[in-house]
Structures are given as C-alpha cells and as structure tokens.
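Participant: This is the structure, below, for whatever I ask next.
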Amino acid sequence: MSLQQFMNEAISPWMKEEGPDSDIVMSSRIRLARNLDQAPFPIIAKQSELTKILEYIKEEYHHQTFKTYHDLEFVNMKDLKPIEKRVLVEKHLISPHLAEKSEQGGVLISESEQVSVMINEEDHIRIQLYFPGFQLEKALEQAFEIDDWLEEKINYAFDENKGYLTSCPTNVGTGMRASVMMHLPALAITQKINRMIPAISQLGLVVRGIYGEGSEALGNIFQISNQITLGRSEMDIVGDLQSVVEKLIEEERKARQLLVEQSSIQLEDRIFRSYGILEHSRIIESKETAKCLSDVRLGIDVGFIKNISKTILNELMVLTQPGFLQQYAKEALSPEERDILRASLIRERLNIENG
Amino acid sequence: MDCQECQERPATLHFTKVVNGNKTEIHVCEQCAKEKGYVSYDEEAYSLHDLLSGLFNFNSSSINKNSEFVQSQVLTCDNCSMTYQDFTRVGKFGCAECYHAFSEHLNPIFRRVHSGNTTHDGKIPKRIGSDLSLKRTLSDYKEKLQNLIKNEEFEQAAKVRDQIKEIERELYKGGGDE
C-alpha cells in the first residue's frame, strides 16, 4: 500500500461501512498512549535517540499484518510535504502535534486506515483505532490486541501503581482516550446541546466541536471523550462514555422527531435551501459548506432527501478541507481559489449521486 | 503591507528568519502562515498546557512554603536531569523515572487532574505484566525462605528454595535473550 492512497481518497476505507447508530454516531475511536521504558520521552530526548526508536519501529512493523489490519505502511514525517502532512491531519490519521512539532515523527497506517500508530509524538507510541458508527467496546477490544502485539517487541514504561507512564500527567494510568464523533443537528438547532454540555462535563467527559475553533462546532459535529485516565479501568471509562452517548442519541432522535412534527415545512425549507446552495454555488467557504452539509445529512436521515448516500457528510467534510483541496489541485491555492474549487468539487460530487 | 504569499490580504504576522547569519523578513497573513507552517493550527493544545502548568504551580506554592519550596526547587530526576521546577513549568515529564523522582509531589496533582484518583486500575501489559506478578511472588518467597531458615525449618526451606528456582527459570525464559 502506498502513501498515494492515503493522500488521494478523502474517505478512509473503513468509513464506507455503516456502523450501528450511524445516523448519529459517525465514528468511535480509542487512543492508547505508550512509552518505551528506557528512553527519555520525545519532549526532551536527543534527536539521535528518537531516530533509533523510529528506525526500530520501521524495521519491526513496516509491511507487517496483524489480523485484519493489513500491510502497515510506515511513513516518516520527514519525507512529507507540509500539504501532505495536513491531509493526514484532516483525515485524522495523525495529530497536528505529530505534523508540526515532531522532528523525528513517523506513523504506521493500516491499509484500511483503521489503525494508525504514531511514533515520537508527545509519547513514543500512540495507537489509534477507528470504527464506523457506535462501536466503542469493539474498538477497545481490538486496540488492546494491537497493544499486546506491539508489546511483544517493545518494553513499555509501566508502573504497578501509576500504570502506563506518559509524558503528560493527564494521560497517566490507562493512557486511554476514548471518543465518539457525533452529528447532533437537532440538538444544536433547538440549542438543547448547550444545556447538556455542562452536565456531561460533570461526569468527567468532554464535549467539543472537532471542526472549527474554540467552542464552535462546525457542521454540528461534536466529539465526546473521557478526561480521566487514572484510577478507573478502561472498561469502566468506556462504559460511562457509552451511557452518555446513548442518552445523546436518544435526545437527538427525540429532537429530530419534534422538529419534523412541529416545524416540518420550516425544516424542509432549511434543508432544501442548503441543498440548493451546495448544488449551485460557485464560491463557498468551509464554514458555509459545513452548515449546508449538516442540513443535507439531516435531510437524508429524516427522509426529505433521497438518493444521496449517507457518507456524503463524512466524505465532503474531509474533501473540502484546505489541505485536501490543495492536494487535489496539486498546487498551493489562495483562499479564494480554494472557495471556487470547493464549490466545484461539491457540485461534481452531487452530480455523481444524481446522475 | 500585503501578504507576500497570496498578495491579497494584509500581512498581519511578521517573522525574521536567520539562516547562517542571513536575515530574511517574512510578512504574511494568518491564513498563509498556517498553510506554510509558520504557525501552528493546533492552538487548543497551548491553552491546555498553560492551564496545566498553572495548576501545578498553584499546587507547589500552596504547599507549606519555605523549606519545602526550596527542596522542590532542587529536586532533579537522575535519569533525564529534569528538575521538578521544569516539570511544573512545562507540565510534562521527561522520562519514566521522573515519576519516581518527583513522587512525593505528584499525588496532589493526580488527584486534581483525575477526580481524586492516584492509583492505576486498568490494563497491565501482557508480557512484562506477567513478569511483574512473578517478580512479586519471587520476593514473597525469598522472604519466606529467610524466615524458615531463621526458624530452622530446613525441610520446608528446601521446598521453598526449589520453588524459587522454578520461578527464576520462568522469569529468565520469558524476558531474556532471543
């Protein structure tokens, strides 16, 4: 598998499968932070020490296959152009930290792009595993297996009392961050989400928008994840997160139904206006794109819009990001040029669906 | 002044780059700066760091000042030579050993960050984890052996000694050379 695939396809192969509750939960992710027991952590390690780790991982795991995760591709950050790194960030295969700060950074990516193992990020090793829809338990189970597989050849920094030792004290213990990406348009339209967020925070969970800056959630896409990593088992943490997500799904479904029952024509109008904008605009900014895509996806889910595949939201959210547009154009683009290309790509994509 | 990259928007960020003594001035707008990698687009991470290091500082100064403060200032990790002060400033550990070196100051921090928790209650590494529990049994047995010898219960002691040998063989087999 080559780097080109990771670059050219906006939608990762695993995203094409539909998971449970995928009308609301876009994806489930488990991230495990691990370190080698002898080496200093990346923030203070010498370049030569980090290079050694990178080389070792490449030697041991490049082109390896573990279970259904085929042909791990090792990618050295040094070999990538800034735009290529940005594309990997936009696809959530690597973190902004790895793209920008890790001089000796690397990543192993499986063919399906479901697994990525970042090397020399803030910690020596960060295992990431994605599943479509709401499948946290399965993701955890598989992440543990990958963790055990890596551990066969790596001595982890582990302490009986403190668990997995990480560079940042906020990750110590399990080193686990479990998260789900949710599309919550009805809770956002009715502003109910703003009242739910403080309650969720009290449970040691964090809600934030994953696109957009600050508290703004572009495209009504929210990420819910655990904050606490010490003193509770991975299963318990995932269990808490699961019950909150279940509640959110229930509330979102209720809110959608209420919108359809009470403001049907207004909702339909909103959805089709957005559809119209996507179908006909010649210049479109990413913020407006996200809003319209969210409306159209809601339109598909409540049955106003037919014959458009549900993955359109996931796909176009990534495809219309600045890095991806420039990768597609094979050149650097000004923001205005990007807005024009974005509009034309969206039209093209919708035409495929309609044609 | 217009941005030198896109030549459309006004330049709002100004850098001076020095390479081998040659100065180059860079004037760009925010968007181009992000694209060209002059600045980070992961701003959130910074605020979290700031927040955390603030939290630690508050912690160390709230502890009984004078004597303890001086002590914590010179507390250094032998393995990576990070000081406790460095740690409170950066909010990150330098290596696994730092956890031991600074251990006396860490529990209050963990309690704050992890809702009062200080002890791990999750996964144990499969391979080295099994060694961990074997090592624990080994030290238990050695202690037992000492007591038996002291009490002159040699018959029992011989049995325990054999068990120790067994565990040691197990340990070397698992974690040793390949």
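Within each chain, counting starts at residue 1; across the structure tokens, chains are named A, B, ... in the order shown, with ligands numbered 1 upward in that order.
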Within 9 Å of chain A, which residues of chain B show up when using only C-alpha atoms, listed as number ranges by chain?
Facilitator: B: 5-6, 8, 31-32, 35-37, 40-45, 52, 79-80, 82, 91-97, 99, 109-110, 113-129, 132
Participant: At a cut-off of 10 Å, using only C-alpha atoms, what residues contact Lys142 of chain B? Leave out same-chain residues fewer than 2 positions from it and give the result as a PyMOL selection string.
Facilitator: chain B and resi 137-140+144-148+157+160-161+163-164
Participant: May I have the residues from that selection written out with all heavy atoms, as a tab-separated table (two decimals), in the first residue's frame?
Facilitator:
chain	number	residue	atom	x	y	z
B	137	THR	N	5.83	-12.48	43.40
B	137	THR	CA	5.80	-13.77	44.08
B	137	THR	C	7.21	-14.16	44.51
B	137	THR	O	7.41	-14.69	45.61
B	137	THR	CB	5.28	-14.89	43.15
B	137	THR	OG1	4.53	-14.29	42.11
B	137	THR	CG2	4.44	-15.88	43.89
B	138	LEU	N	8.17	-13.90	43.63
B	138	LEU	CA	9.55	-14.25	43.92
B	138	LEU	C	10.04	-13.58	45.21
B	138	LEU	O	10.61	-14.23	46.08
B	138	LEU	CB	10.44	-13.85	42.74
B	138	LEU	CG	11.90	-14.26	42.81
B	138	LEU	CD1	12.04	-15.77	42.75
B	138	LEU	CD2	12.70	-13.62	41.69
B	139	SER	N	9.77	-12.27	45.32
B	139	SER	CA	10.26	-11.59	46.53
B	139	SER	C	9.51	-12.08	47.77
B	139	SER	O	10.09	-12.17	48.85
B	139	SER	CB	10.18	-10.07	46.38
B	139	SER	OG	8.84	-9.67	46.31
B	140	ASP	N	8.24	-12.44	47.61
B	140	ASP	CA	7.49	-13.03	48.73
B	140	ASP	C	8.16	-14.33	49.19
B	140	ASP	O	8.35	-14.56	50.39
B	140	ASP	CB	6.05	-13.34	48.31
B	140	ASP	CG	5.21	-12.07	48.20
B	140	ASP	OD1	5.72	-11.01	48.60
B	140	ASP	OD2	4.09	-12.16	47.69
B	144	LYS	N	9.99	-15.54	52.68
B	144	LYS	CA	9.52	-16.74	53.36
B	144	LYS	C	10.72	-17.64	53.67
B	144	LYS	O	10.84	-18.18	54.79
B	144	LYS	CB	8.54	-17.47	52.43
B	144	LYS	CG	7.60	-18.43	53.13
B	144	LYS	CD	6.51	-18.79	52.13
B	144	LYS	CE	5.77	-20.05	52.49
B	144	LYS	NZ	4.91	-20.50	51.36
B	145	LEU	N	11.60	-17.77	52.69
B	145	LEU	CA	12.78	-18.62	52.85
B	145	LEU	C	13.64	-18.15	54.03
B	145	LEU	O	14.08	-18.94	54.86
B	145	LEU	CB	13.59	-18.61	51.55
B	145	LEU	CG	14.86	-19.46	51.52
B	145	LEU	CD1	14.53	-20.95	51.62
B	145	LEU	CD2	15.66	-19.20	50.25
B	146	GLN	N	13.88	-16.83	54.08
B	146	GLN	CA	14.67	-16.27	55.16
B	146	GLN	C	14.07	-16.62	56.53
B	146	GLN	O	14.77	-17.03	57.44
B	146	GLN	CB	14.75	-14.73	55.04
B	146	GLN	CG	15.61	-14.24	53.88
B	146	GLN	CD	17.02	-14.81	53.92
B	146	GLN	OE1	17.64	-14.87	54.99
B	146	GLN	NE2	17.50	-15.27	52.77
B	147	ASN	N	12.76	-16.44	56.62
B	147	ASN	CA	12.08	-16.75	57.89
B	147	ASN	C	12.22	-18.21	58.27
B	147	ASN	O	12.46	-18.54	59.44
B	147	ASN	CB	10.60	-16.39	57.79
B	147	ASN	CG	10.40	-14.88	57.87
B	147	ASN	OD1	11.21	-14.19	58.50
B	147	ASN	ND2	9.38	-14.39	57.22
B	148	LEU	N	12.06	-19.08	57.26
B	148	LEU	CA	12.15	-20.53	57.54
B	148	LEU	C	13.54	-20.90	58.02
B	148	LEU	O	13.70	-21.68	58.96
B	148	LEU	CB	11.79	-21.32	56.28
B	148	LEU	CG	10.31	-21.28	55.88
B	148	LEU	CD1	10.11	-21.89	54.50
B	148	LEU	CD2	9.44	-21.98	56.93
B	157	ALA	N	12.19	-25.11	54.10
B	157	ALA	CA	13.04	-24.16	53.39
B	157	ALA	C	13.52	-24.74	52.06
B	157	ALA	O	13.56	-24.06	51.04
B	157	ALA	CB	14.23	-23.76	54.26
B	160	VAL	N	10.78	-24.45	49.53
B	160	VAL	CA	10.62	-23.07	49.04
B	160	VAL	C	11.76	-22.70	48.10
B	160	VAL	O	11.56	-22.06	47.07
B	160	VAL	CB	10.55	-22.08	50.23
B	160	VAL	CG1	10.55	-20.64	49.73
B	160	VAL	CG2	9.28	-22.34	51.05
B	161	ARG	N	12.99	-23.17	48.44
B	161	ARG	CA	14.15	-22.87	47.59
B	161	ARG	C	13.94	-23.43	46.18
B	161	ARG	O	14.21	-22.76	45.18
B	161	ARG	CB	15.41	-23.47	48.21
B	161	ARG	CG	16.69	-22.97	47.58
B	161	ARG	CD	17.84	-23.90	47.92
B	161	ARG	NE	17.48	-25.28	47.59
B	161	ARG	CZ	17.93	-26.35	48.26
B	161	ARG	NH1	18.70	-26.22	49.31
B	161	ARG	NH2	17.57	-27.57	47.87
B	163	GLN	N	11.08	-23.93	44.77
B	163	GLN	CA	10.05	-23.11	44.12
B	163	GLN	C	10.65	-21.81	43.56
B	163	GLN	O	10.30	-21.37	42.48
B	163	GLN	CB	8.93	-22.79	45.12
B	163	GLN	CG	7.94	-23.94	45.27
B	163	GLN	CD	7.02	-23.74	46.44
B	163	GLN	OE1	7.45	-23.32	47.52
B	163	GLN	NE2	5.75	-24.04	46.25
B	164	ILE	N	11.57	-21.23	44.34
B	164	ILE	CA	12.24	-20.01	43.90
B	164	ILE	C	12.99	-20.27	42.59
B	164	ILE	O	12.89	-19.50	41.63
B	164	ILE	CB	13.19	-19.46	44.98
B	164	ILE	CG1	12.36	-18.90	46.15
B	164	ILE	CG2	14.10	-18.38	44.42
B	164	ILE	CD1	13.17	-18.44	47.34
Participant: Do you have the atom CA of Leu267 of chain A-atom CA of Gln223 of chain A distance handy?
Facilitator: 24.6 Å
Participant: Pick from A:Arg29, A:Arg270, A:Arg342, A:Lys91: nearest to Gly133 of chain A, with only C-alpha atoms counted?
Facilitator: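 For Gly133 of chain A, the nearest of the given residues is A:Arg29.
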Participant: List every residue of segment 100-149 of chain B that DSSP, applied to the backbone of this structure, places in helix (DSSP H, G or I), and write the result as a PyMOL selection string.
Facilitator: chain B and resi 100-101+103-113+126-149
Participant: Using only C-alpha atoms, which residues sit within 12 Å of Met196 of chain A once same-chain residues fewer than 6 positions away are excluded, as an NGL selection string?
Facilitator: :A and (184 or 187-188 or 190 or 202-203 or 205-207 or 224 or 244-245 or 247-248 or 251-252)
Participant: Identify, on the basis of only C-alpha atoms, every residue whose closest approach to Ser110 of chain A does not exceed 7 Å; exclude the query and any residue fewer than 5 positions from it along the same chain; express the result as an MDAnalysis selection string.
Facilitator: chainID A and resid 69:73 115:116
Participant: Could you please determine the separation between atom CA of Arg297 of chain A and atom CA of Leu140 of chain A in Å, to one decimal place?
Facilitator: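 Pair atom CA of Arg297 of chain A / atom CA of Leu140 of chain A returns 28.1 Å.
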Participant: Could you tell me how far atom CA of Gln191 of chain A sits from atom CA of Leu259 of chain A, in Å to one decimal place?
Facilitator: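 Result for atom CA of Leu259 of chain A versus atom CA of Gln191 of chain A: 12.4 Å, one decimal.
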Participant: Using DSSP on the backbone coordinates, identify the residues of segment 52-114 of chain A assigned to strand (DSSP E or B); present them as a compact mmCIF listing (two decimals) with N, CA, C and O atoms, in the first residue's frame.
Facilitator:
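What follows is the written file selection05.txt:
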# COMPACT_ATOMS: atom_id res chain seq x y z
N PHE A 66 -1.35 -7.51 11.04
CA PHE A 66 -1.85 -8.09 12.27
C PHE A 66 -3.35 -8.30 12.13
O PHE A 66 -4.11 -7.35 11.96
N TYR A 69 -5.82 -6.18 10.07
CA TYR A 69 -5.20 -4.89 9.76
C TYR A 69 -3.99 -5.13 8.87
O TYR A 69 -2.91 -5.45 9.34
N GLU A 73 1.77 0.51 6.73
CA GLU A 73 2.72 1.31 5.95
C GLU A 73 3.42 2.28 6.90
O GLU A 73 2.77 3.03 7.62
N PHE A 74 4.75 2.25 6.88
CA PHE A 74 5.49 3.20 7.71
C PHE A 74 5.72 4.48 6.91
O PHE A 74 6.21 4.44 5.79
N VAL A 75 5.35 5.60 7.50
CA VAL A 75 5.56 6.89 6.83
C VAL A 75 6.38 7.78 7.76
O VAL A 75 6.00 8.00 8.91
N ASN A 76 7.51 8.25 7.24
CA ASN A 76 8.36 9.16 8.01
C ASN A 76 7.91 10.59 7.76
O ASN A 76 7.77 11.00 6.61
N GLY A 106 6.89 9.70 13.04
CA GLY A 106 6.52 8.75 11.99
C GLY A 106 5.17 8.16 12.32
O GLY A 106 4.63 8.39 13.41
N VAL A 107 4.63 7.41 11.37
CA VAL A 107 3.34 6.79 11.63
C VAL A 107 3.22 5.48 10.85
O VAL A 107 3.77 5.36 9.75
N LEU A 108 2.60 4.50 11.46
CA LEU A 108 2.25 3.26 10.77
C LEU A 108 0.75 3.34 10.49
O LEU A 108 -0.03 3.60 11.40
N ILE A 109 0.35 3.12 9.23
CA ILE A 109 -1.07 3.20 8.89
C ILE A 109 -1.47 1.90 8.20
O ILE A 109 -0.78 1.45 7.28
Participant: For Ile127 of chain A, work out the shell of residues within 6 Å, counting only C-alpha atoms and skipping chain neighbours fewer than 2 positions away, then give it as a list in words.
Facilitator: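 Using only C-alpha atoms, the neighbours found are Arg31, Leu32 and Val117 of chain A.
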Participant: Which residues, written as an MDAnalysis selection string, have at least one atom at most 12 Å from Asp301 of chain A, with only C-alpha atoms counted and residues fewer than 2 positions away on the same chain left out?
Facilitator: chainID A and resid 21:24 183:186 252:253 256:257 260 271 294:299 303:313
